[in-house]
$ cat protein-v4.txt   # compact mmCIF, C-alpha atoms
# COMPACT_ATOMS: atom_id res chain seq x y z
CA MET A 23 101.75 86.01 150.12
CA HIS A 24 105.00 84.47 148.97
CA VAL A 25 105.42 80.70 148.87
CA ILE A 26 108.04 80.70 151.63
CA GLU A 27 105.88 82.88 153.90
CA ARG A 28 102.88 80.62 153.31
CA HIS A 29 104.99 77.53 153.99
CA ASN A 30 106.24 79.04 157.27
CA LEU A 31 102.68 79.97 158.21
CA ILE A 32 101.53 76.38 157.58
CA LEU A 33 104.41 75.04 159.69
CA ALA A 34 103.49 77.40 162.54
CA ALA A 35 99.83 76.38 162.27
CA GLN A 36 100.84 72.72 162.44
CA THR A 37 102.42 73.36 165.83
CA GLY A 38 99.08 74.60 167.14
CA ASP A 39 99.92 78.31 167.11
CA ALA A 40 96.42 79.84 167.30
CA ALA A 41 97.48 83.12 165.67
CA ALA A 42 99.09 81.22 162.78
CA ILE A 43 95.97 79.10 162.34
CA ASN A 44 93.79 82.21 162.23
CA ARG A 45 96.12 83.93 159.76
CA LEU A 46 96.23 80.76 157.61
CA LEU A 47 92.43 80.66 157.51
CA VAL A 48 92.34 84.28 156.37
CA VAL A 49 95.00 83.66 153.73
CA CYS A 50 93.36 80.56 152.27
CA GLN A 51 89.75 81.80 152.45
CA ALA A 52 89.80 83.25 148.91
CA ASP A 53 91.08 79.93 147.52
CA VAL A 54 88.44 78.03 149.48
CA ARG A 55 85.69 80.33 148.20
CA ARG A 56 86.84 80.09 144.59
CA TYR A 57 87.05 76.29 144.77
CA ALA A 58 83.68 75.99 146.55
CA ARG A 59 82.01 78.11 143.86
CA LYS A 60 83.26 75.68 141.26
CA HIS A 61 82.31 72.47 143.09
CA CYS A 62 79.20 73.33 145.13
CA GLN A 63 75.64 74.27 144.42
CA ASP A 64 75.29 78.06 144.72
CA SER A 65 73.17 77.69 147.84
CA ASP A 66 75.85 75.55 149.52
CA VAL A 67 78.93 77.72 148.90
CA ASP A 68 78.89 79.63 152.19
CA ASP A 69 78.16 76.48 154.22
CA ALA A 70 80.97 74.60 152.45
CA ILE A 71 83.41 77.44 153.12
CA GLN A 72 82.49 77.58 156.80
CA GLU A 73 82.68 73.81 157.27
CA SER A 74 85.94 73.57 155.32
CA LEU A 75 87.63 76.29 157.35
CA LEU A 76 86.46 74.61 160.53
CA VAL A 77 87.92 71.27 159.42
CA ILE A 78 91.17 72.96 158.40
CA SER A 79 91.51 74.75 161.74
CA ARG A 80 90.94 71.51 163.65
CA LYS A 81 93.04 69.17 161.56
CA VAL A 82 95.96 71.23 160.24
CA LYS A 83 98.04 69.95 163.17
CA GLY A 84 97.70 66.41 161.78
CA LEU A 85 98.93 67.33 158.30
CA LYS A 86 102.18 65.44 157.87
CA VAL A 87 103.79 67.48 155.08
CA ALA A 88 103.32 71.23 154.81
CA ALA A 89 103.86 71.05 151.03
CA ALA A 90 100.70 68.95 150.78
CA PHE A 91 98.56 71.72 152.29
CA SER A 92 97.11 73.03 149.02
CA SER A 93 95.96 69.66 147.73
CA TRP A 94 94.61 68.79 151.17
CA LEU A 95 92.78 72.13 151.35
CA PHE A 96 91.02 71.49 148.05
CA THR A 97 90.22 67.92 149.04
CA VAL A 98 88.56 69.20 152.22
CA VAL A 99 86.48 71.74 150.28
CA LYS A 100 85.45 69.22 147.65
CA ARG A 101 84.49 66.71 150.34
CA GLU A 102 82.34 69.33 152.09
CA CYS A 103 80.66 70.24 148.79
CA ARG A 104 79.88 66.60 148.13
CA LYS A 105 78.58 66.09 151.63
CA LEU A 106 76.21 69.04 151.24
CA SER A 107 75.14 67.82 147.81
CA ARG A 108 74.40 64.32 149.12
CA ILE A 109 72.32 65.81 151.90
CA MET A 110 70.41 67.95 149.42
CA PHE A 111 69.88 65.28 146.77
CA ARG A 112 70.39 62.12 148.83
CA TYR A 113 73.14 61.36 146.35
CA GLU A 114 75.24 58.21 146.52
CA PRO A 115 78.56 57.90 144.65
CA LEU A 116 78.42 56.00 141.36
CA PRO A 117 79.56 52.38 141.35
CA ASP A 118 82.67 51.87 139.21
CA GLU A 119 80.80 50.01 136.47
CA LEU A 120 78.18 52.75 136.07
CA ALA A 121 80.84 55.48 136.15
CA GLU A 122 82.77 53.66 133.41
CA GLN A 123 79.62 53.31 131.28
CA ARG A 124 78.85 57.01 131.61
CA LEU A 125 82.37 57.96 130.58
CA LEU A 126 82.35 55.57 127.61
CA GLN A 127 79.14 57.15 126.28
CA ARG A 128 80.82 60.52 125.91
CA PRO A 129 82.48 61.57 122.63
CA GLN A 130 86.21 60.76 122.42
CA ASP A 131 87.17 64.40 121.85
CA ASP A 132 85.31 65.47 125.01
CA LEU A 133 87.04 62.73 126.99
CA ARG A 134 90.47 63.83 125.74
CA ILE A 135 89.82 67.46 126.63
CA ASP A 136 88.48 66.54 130.07
CA LEU A 137 91.39 64.17 130.72
CA ALA A 138 93.90 66.89 129.84
CA ALA A 139 92.08 69.33 132.14
CA ALA A 140 91.92 66.71 134.91
CA LEU A 141 95.65 66.09 134.67
CA GLU A 142 96.37 69.83 134.66
CA SER A 143 94.32 70.21 137.84
CA LEU A 144 96.45 67.71 139.78
CA PRO A 145 99.05 68.89 142.26
CA ALA A 146 102.58 68.27 140.93
CA HIS A 147 103.36 65.27 143.18
CA TYR A 148 100.23 63.45 141.96
CA LEU A 149 100.77 64.40 138.32
CA GLU A 150 104.34 63.11 138.46
CA VAL A 151 103.41 59.59 139.56
CA ILE A 152 100.44 59.25 137.22
CA LEU A 153 102.55 60.33 134.25
CA LEU A 154 105.35 57.95 135.17
CA ARG A 155 103.03 54.98 135.68
CA ASP A 156 100.22 55.45 133.17
CA PHE A 157 101.96 57.34 130.37
CA GLU A 158 105.60 56.29 130.60
CA GLU A 159 104.49 52.82 131.80
CA LEU A 160 107.14 52.51 134.49
CA THR A 161 106.63 49.87 137.17
CA ILE A 162 106.02 50.87 140.77
CA ALA A 163 109.55 49.67 141.59
CA GLU A 164 111.02 51.86 138.83
CA ILE A 165 109.04 54.89 140.03
CA THR A 166 110.16 54.22 143.59
CA ALA A 167 113.79 54.12 142.50
CA GLN A 168 113.46 57.23 140.34
CA LEU A 169 111.74 59.31 143.02
CA GLY A 170 113.62 57.86 145.97
CA GLU A 171 110.49 57.13 147.99
CA ASN A 172 109.04 53.98 149.51
CA ILE A 173 106.63 51.71 147.64
CA GLY A 174 103.71 52.44 149.97
CA ALA A 175 103.96 56.17 149.40
CA ILE A 176 104.10 55.76 145.63
CA LYS A 177 101.14 53.35 145.55
CA SER A 178 99.13 55.63 147.78
CA ARG A 179 99.93 58.71 145.70
CA LEU A 180 99.11 56.89 142.45
CA HIS A 181 95.79 55.67 143.86
CA ARG A 182 94.88 59.18 145.01
CA ALA A 183 95.93 60.71 141.69
CA ARG A 184 93.74 58.28 139.76
CA GLU A 185 90.87 58.93 142.16
CA LEU A 186 91.17 62.69 141.64
CA VAL A 187 91.23 62.26 137.85
CA ARG A 188 88.15 60.01 138.04
CA GLU A 189 86.29 62.53 140.22
CA TYR A 190 87.18 65.35 137.85
CA MET A 191 86.06 63.36 134.81
CA LEU A 192 82.72 62.43 136.40
CA ASP A 193 82.14 65.97 137.70
CA SER A 194 82.73 67.47 134.25
CA GLU A 195 79.78 65.59 132.73
$ encode --input "protein-v4.txt" --output "structure tokens"
Amino acid sequence: MHVIERHNLILAAQTGDAAAINRLLVVCQADVRRYARKHCQDSDVDDAIQESLLVISRKVKGLKVAAAFSSWLFTVVKRECRKLSRIMFRYEPLPDELAEQRLLQRPQDDLRIDLAAALESLPAHYLEVILLRDFEELTIAEITAQLGENIGAIKSRLHRARELVREYMLDSE
């Protein structure tokens, strides 16, 4: 499916068009399955797919920007995988200090490779702000001016980008 067709399908689904929602679920099912296989225990893949598609069908109307659909889709799948994993292992997320210690114990070369992979996995709008802030060392005000967006949106996007990188780094252990 072409990008424009998918975008139009997402827009139609956001309006509550049941046929568009069903078609969108069919179109994105392969992506959901592929992502769930990577992030879930084998026994949880089908459950994660089903739960993710259910969440997507219910909440696509609340998605504010159609261009954010892909990153939102993968966030939903990853969240469902984590939920199933916590249920299975009674897992609690790592406190920041423990997460930092675990990362610091890894060899520098492994960290560099994982960081590059984590950055490559980010959607473009997240990658852009993290590169501007953390690599080019621009201030939030400078990023806001450069991208023409409000401060709240930039701060939120930067926070989410860092969170996604952190999750990726901890998951790759």
$ closest_residue --input "protein-v4.txt" --among "A:Met191, A:Ala90, A:Ile165, A:Cys103" --to "A:Ile152" --atoms "all atoms listed in the file"
A:Ile165
$ residues_around --input "protein-v4.txt" --residues "A:Val151" --least-positions-apart "5" --cutoff "10 Å" --atoms "only C-alpha atoms" --output "ChimeraX atom specification"
/A:146,156-158,160,162,165-166,169,176-177,179-181,183-184
$ closest_residue --input "protein-v4.txt" --among "A:Leu75, A:Val67, A:Leu149, A:Val82" --to "A:Asp39" --atoms "all atoms listed in the file"
A:Val82
$ atom_distance --input "protein-v4.txt" --atom1 "atom CA of A:Lys60" --atom2 "atom CA of A:Arg155"
29.2 Å
$ residues_near_point --input "protein-v4.txt" --point "(84.2, 77.1, 148.2)" --cutoff "10 Å" --atoms "all atoms listed in the file" --output "VMD selection string"
chain A and resid 51 to 64 66 to 75 96 98 to 100 102 to 103
$ atom_distance --input "protein-v4.txt" --atom1 "atom CA of A:Ala167" --atom2 "atom CA of A:Ala138"
26.8 Å
$ atom_distance --input "protein-v4.txt" --atom1 "atom CA of A:Gly38" --atom2 "atom CA of A:Ile78"
11.9 Å
$ closest_residue --input "protein-v4.txt" --among "A:Glu119, A:Glu150, A:Leu141, A:Ala35" --to "A:Gly84" --atoms "all atoms listed in the file"
A:Ala35
$ closest_residue --input "protein-v4.txt" --among "A:Arg188, A:Lys105, A:Leu33, A:Ala42" --to "A:Glu122" --atoms "only C-alpha atoms"
A:Arg188
$ closest_residue --input "protein-v4.txt" --among "A:Ser79, A:Leu153, A:Ala40, A:Pro145" --to "A:Ser92" --atoms "only C-alpha atoms"
A:Pro145
$ closest_residue --input "protein-v4.txt" --among "A:Leu192, A:Leu186, A:Leu154, A:Leu85" --to "A:Gln127" --atoms "all atoms listed in the file"
A:Leu192
